[in-house]
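Note: the block below is input.cif and it holds mmCIF, C-alpha atoms and all ligand atoms.
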```
data_final
loop_
_atom_site.label_atom_id
_atom_site.label_comp_id
_atom_site.auth_asym_id
_atom_site.auth_seq_id
_atom_site.Cartn_x
_atom_site.Cartn_y
_atom_site.Cartn_z
CA MET A 78 -2.64 -12.42 -19.09
CA THR A 79 0.46 -13.09 -17.09
CA PHE A 80 0.49 -12.42 -13.39
CA GLY A 81 3.29 -9.91 -13.99
CA LEU A 82 0.72 -7.58 -15.47
CA ILE A 83 -1.19 -7.28 -12.23
CA ARG A 84 1.69 -7.50 -9.79
CA PRO A 85 2.45 -4.26 -7.97
CA LEU A 86 5.95 -3.36 -6.89
CA ARG A 87 4.62 -3.18 -3.37
CA ARG A 88 1.41 -2.79 -1.44
CA VAL A 89 0.81 -0.18 1.23
CA PRO A 90 -2.22 0.83 3.29
CA SER A 91 -2.14 4.43 2.03
CA VAL A 92 -0.09 6.94 0.07
CA LEU A 93 1.04 8.16 3.48
CA ASP A 94 2.96 4.89 3.90
CA ILE A 95 5.03 5.49 0.77
CA SER A 96 8.54 6.55 1.65
CA LEU A 97 9.51 9.40 -0.63
CA GLU A 98 13.17 9.02 0.31
CA GLU A 99 13.11 5.35 -0.65
CA LEU A 100 11.52 6.08 -4.02
CA TRP A 101 14.08 8.79 -4.67
CA ARG A 102 16.96 6.46 -3.76
CA GLU A 103 15.53 3.86 -6.13
CA GLY A 104 15.76 6.37 -8.95
CA TYR A 105 12.14 7.41 -9.30
CA ARG A 106 11.60 11.07 -10.15
CA ALA A 107 7.91 11.20 -11.05
CA ILE A 108 4.84 9.89 -9.22
CA ILE A 109 1.66 9.39 -11.22
CA ILE A 110 -1.25 9.14 -8.84
CA ASP A 111 -4.78 7.87 -9.15
CA LEU A 112 -7.44 10.16 -7.68
CA ASP A 113 -10.52 8.38 -6.33
CA ASN A 114 -9.90 6.32 -3.22
CA THR A 115 -6.16 6.94 -3.54
CA LEU A 116 -6.01 10.69 -2.90
CA VAL A 117 -9.64 11.36 -2.02
CA GLY A 118 -12.03 9.02 -0.27
CA TYR A 119 -15.28 7.98 -1.86
CA ARG A 120 -17.91 10.74 -1.54
CA LEU A 121 -15.46 13.14 0.04
CA ARG A 122 -14.94 16.51 -1.57
CA GLU A 123 -11.26 17.01 -0.98
CA PRO A 124 -8.11 15.19 0.19
CA ALA A 125 -7.35 14.82 3.88
CA ALA A 126 -4.85 17.26 5.37
CA GLU A 127 -2.30 14.43 5.70
CA VAL A 128 -2.57 13.68 1.99
CA VAL A 129 -2.10 17.34 1.14
CA ALA A 130 1.03 17.34 3.32
CA TRP A 131 2.33 14.20 1.61
CA VAL A 132 1.88 15.83 -1.81
CA ARG A 133 3.70 18.93 -0.60
CA ALA A 134 6.53 16.77 0.76
CA ALA A 135 6.82 14.93 -2.56
CA GLN A 136 7.01 18.20 -4.46
CA ALA A 137 9.54 19.59 -2.00
CA ARG A 138 11.68 16.46 -2.41
CA GLY A 139 11.79 17.18 -6.14
CA PHE A 140 9.31 14.67 -7.52
CA SER A 141 7.24 15.63 -10.53
CA LEU A 142 3.61 14.73 -9.87
CA ALA A 143 0.66 13.94 -12.08
CA ILE A 144 -2.88 12.76 -11.46
CA VAL A 145 -4.26 10.25 -13.95
CA SER A 146 -7.90 9.44 -13.31
CA ASN A 147 -10.78 7.75 -15.08
CA ASN A 148 -13.08 10.33 -13.56
CA VAL A 149 -14.47 13.43 -15.32
CA ARG A 150 -12.47 16.53 -16.09
CA ALA A 151 -14.13 19.01 -13.70
CA TRP A 152 -13.54 16.77 -10.69
CA VAL A 153 -9.97 15.89 -11.60
CA ARG A 154 -9.11 19.51 -12.35
CA SER A 155 -10.57 20.71 -9.05
CA ILE A 156 -8.52 18.26 -6.99
CA ALA A 157 -5.37 18.82 -9.03
CA THR A 158 -5.75 22.56 -8.52
CA PHE A 159 -6.45 22.08 -4.82
CA LEU A 160 -3.23 20.05 -4.51
CA GLY A 161 -1.12 22.27 -6.74
CA ILE A 162 -0.54 19.44 -9.22
CA VAL A 163 -0.21 20.97 -12.67
CA THR A 164 -0.26 17.81 -14.76
CA TYR A 165 -3.44 15.78 -14.82
CA VAL A 166 -5.28 13.50 -17.19
CA SER A 167 -9.03 12.93 -16.81
CA ASN A 168 -11.20 10.33 -18.54
CA ALA A 169 -8.00 8.30 -18.75
CA LEU A 170 -9.70 4.97 -19.54
CA LYS A 171 -7.25 2.99 -17.40
CA PRO A 172 -6.24 0.18 -17.80
CA LEU A 173 -5.66 1.46 -21.32
CA PRO A 174 -2.17 2.95 -21.07
CA PHE A 175 -2.64 6.13 -23.11
CA GLY A 176 -3.46 8.46 -20.22
CA LEU A 177 -0.50 7.21 -18.20
CA PHE A 178 1.68 7.57 -21.30
CA ARG A 179 0.58 11.19 -21.73
CA ALA A 180 1.46 11.90 -18.11
CA VAL A 181 4.93 10.36 -18.44
CA ARG A 182 5.60 12.33 -21.59
CA HIS A 183 4.33 15.55 -20.08
CA LEU A 184 6.48 15.11 -16.97
CA ARG A 185 9.53 14.59 -19.20
CA VAL A 186 10.83 11.52 -17.40
CA SER A 187 11.73 8.10 -18.67
CA ARG A 188 9.39 5.22 -17.94
CA LYS A 189 11.97 3.84 -15.51
CA GLU A 190 11.83 7.08 -13.54
CA ALA A 191 8.04 7.08 -13.16
CA ILE A 192 6.01 5.13 -10.64
CA VAL A 193 2.24 4.84 -10.53
CA VAL A 194 0.24 4.84 -7.29
CA GLY A 195 -3.35 3.63 -7.22
CA ASP A 196 -5.91 1.58 -5.36
CA GLN A 197 -7.20 -0.72 -8.11
CA VAL A 198 -5.51 -3.78 -9.56
CA PHE A 199 -7.52 -3.89 -12.79
CA THR A 200 -7.13 -0.23 -13.67
CA ASP A 201 -4.08 1.26 -11.94
CA VAL A 202 -1.80 -1.76 -11.69
CA LEU A 203 -2.73 -3.30 -15.04
CA GLY A 204 -2.53 0.06 -16.86
CA ALA A 205 0.87 0.82 -15.37
CA ARG A 206 2.26 -2.61 -16.15
CA LEU A 207 0.96 -2.52 -19.73
CA LEU A 208 3.15 0.56 -20.13
CA GLY A 209 6.06 -1.03 -18.27
CA LEU A 210 5.80 1.31 -15.30
CA ALA A 211 6.39 0.30 -11.71
CA VAL A 212 3.34 0.62 -9.51
CA ILE A 213 2.42 0.76 -5.85
CA LEU A 214 -1.01 -0.53 -4.85
CA THR A 215 -2.72 1.22 -1.94
CA GLU A 216 -5.75 0.18 0.01
CA PRO A 217 -8.81 2.23 -1.02
CA ILE A 218 -9.33 5.18 1.34
CA LEU A 219 -12.95 4.39 2.15
CA ARG A 220 -15.51 1.69 1.67
CA GLU A 221 -16.95 1.82 -1.78
CA HIS A 222 -20.31 1.46 -3.38
CA ALA A 223 -21.65 -2.07 -3.66
CA GLY A 224 -20.71 -2.44 -7.32
CA MET A 225 -17.03 -2.56 -6.42
CA GLY A 226 -17.52 -5.65 -4.26
CA LEU A 227 -17.10 -8.08 -7.13
CA VAL A 228 -14.03 -6.26 -8.44
CA ARG A 229 -12.40 -6.37 -5.01
CA TRP A 230 -13.21 -10.06 -4.67
CA ALA A 231 -11.54 -10.73 -8.03
CA GLU A 232 -8.53 -8.66 -6.97
CA ARG A 233 -8.14 -10.63 -3.76
CA ARG A 234 -8.37 -13.92 -5.63
CA MET A 235 -5.75 -12.86 -8.14
CA LEU A 236 -3.40 -11.38 -5.57
CA GLY A 237 -3.71 -14.50 -3.47
CA ARG A 238 -2.39 -16.56 -6.35
CA ILE A 239 0.70 -14.58 -7.13
CA ALA A 240 3.99 -14.29 -5.34
CA PRO A 241 4.49 -11.36 -2.98
CA PRO A 242 5.89 -8.27 -4.68
CA SER A 243 9.66 -8.21 -4.87
CA ALA A 244 11.57 -5.48 -3.11
CA GLY A 245 13.75 -4.51 -6.04
CA PRO A 246 13.06 -2.20 -8.96
CA GLN A 247 10.45 -3.44 -11.36
CA GLU A 248 11.63 -4.09 -14.88
CA PRO A 249 9.56 -2.96 -17.82
CA ILE A 250 7.81 -5.97 -19.31
CA ILE A 251 7.37 -4.54 -22.78
MG MG A 301 -9.01 4.73 -7.57
#
```
When written as structure tokens, how does the structure in this file appear?
Amino acid sequence: MTFGLIRPLRRVPSVLDISLEELWREGYRAIIIDLDNTLVGYRLREPAAEVVAWVRAAQARGFSLAIVSNNVRAWVRSIATFLGIVTYVSNALKPLPFGLFRAVRHLRVSRKEAIVVGDQVFTDVLGARLLGLAVILTEPILREHAGMGLVRWAERRMLGRIAPPSAGPQEPII
């Protein structure tokens, strides 16, 4: 595996730190968002009001939105409905790229126009990069269950070994 496969375009503390204007200027027209710990904190039942406002702002700016989650259908559907996001993929099996691919196709954008947002290197970033999509890595919204500790440790080790994300547009690698 090359480091390019796990290198996000940029890293931000939260979706709220993503500048919609900047993404639009860079040519992105669709945002494909992870659900757990990106939009909704662990063990919370719904997104924070600020996240709802960010989603509304993205839609108002003209972005097409999709949720692509490895979680089960009922949960993903309930949050997508809550947020007014029509396109969603559950049981996506990220980092396998098929769920992300379905979202891109459904949103009718090119892969260069789509950007993925998620909190996990080995699912969100790797899945996006396998498909040649740009990706923004967020910090997870809340502390997670103990099983994620090892994954986070591995993420930190890998990220520590690669160059900081470049500012420019990310080129597809396949
Ligand atoms: Mg997540």
Residues at most 9 Å from Val129 of chain A, counting only C-alpha atoms, excluding those fewer than 3 positions away in the same chain, as a list of chain:residue names? A:Leu116, A:Pro124, A:Ala125, A:Ala126, A:Val132, A:Arg133, A:Ala134, A:Phe159, A:Leu160
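Restricting the atom set to only C-alpha atoms and all ligand atoms, one finds that the residues within 10 Å of ligand MG 301 (chain A) amount to A:Ile110, A:Asp111, A:Leu112, A:Asp113, A:Asn114, A:Thr115, A:Leu116, A:Val117, A:Gly118, A:Tyr119, A:Val145, A:Ser146, A:Asn147, A:Asn148, A:Val194, A:Gly195, A:Asp196, A:Gln197, A:Val198, A:Thr200, A:Asp201, A:Leu214, A:Thr215, A:Glu216, A:Pro217, A:Ile218.
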Among listed residues A:Trp101, A:Ala169, A:Lys189, A:Gly161, nearest Ala211 of chain A (using all atoms listed in the file): A:Lys189
Could you tell me how far atom CA of Gly204 of chain A lies from atom CA of His183 of chain A, in Å and to one decimal? 17.2 Å
Hey, can you check how far atom CA of Ile192 of chain A sits from atom CA of Glu232 of chain A?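 These atoms are spaced 20.4 Å apart.
Among the candidates A:Trp131, A:Tyr165, A:Tyr105, A:Phe178, the one nearest to Arg150 of chain A when counting all atoms listed in the file is A:Tyr165.
Using all atoms listed in the file, the nearest neighbour of Arg185 of chain A within the list A:Ala205, A:Leu142, A:Ile213, A:Leu173 is A:Leu142.
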Rounded to one decimal in Å, what is the spacing between atom CA of Val153 of chain A and atom CA of Ala231 of chain A? 26.9 Å
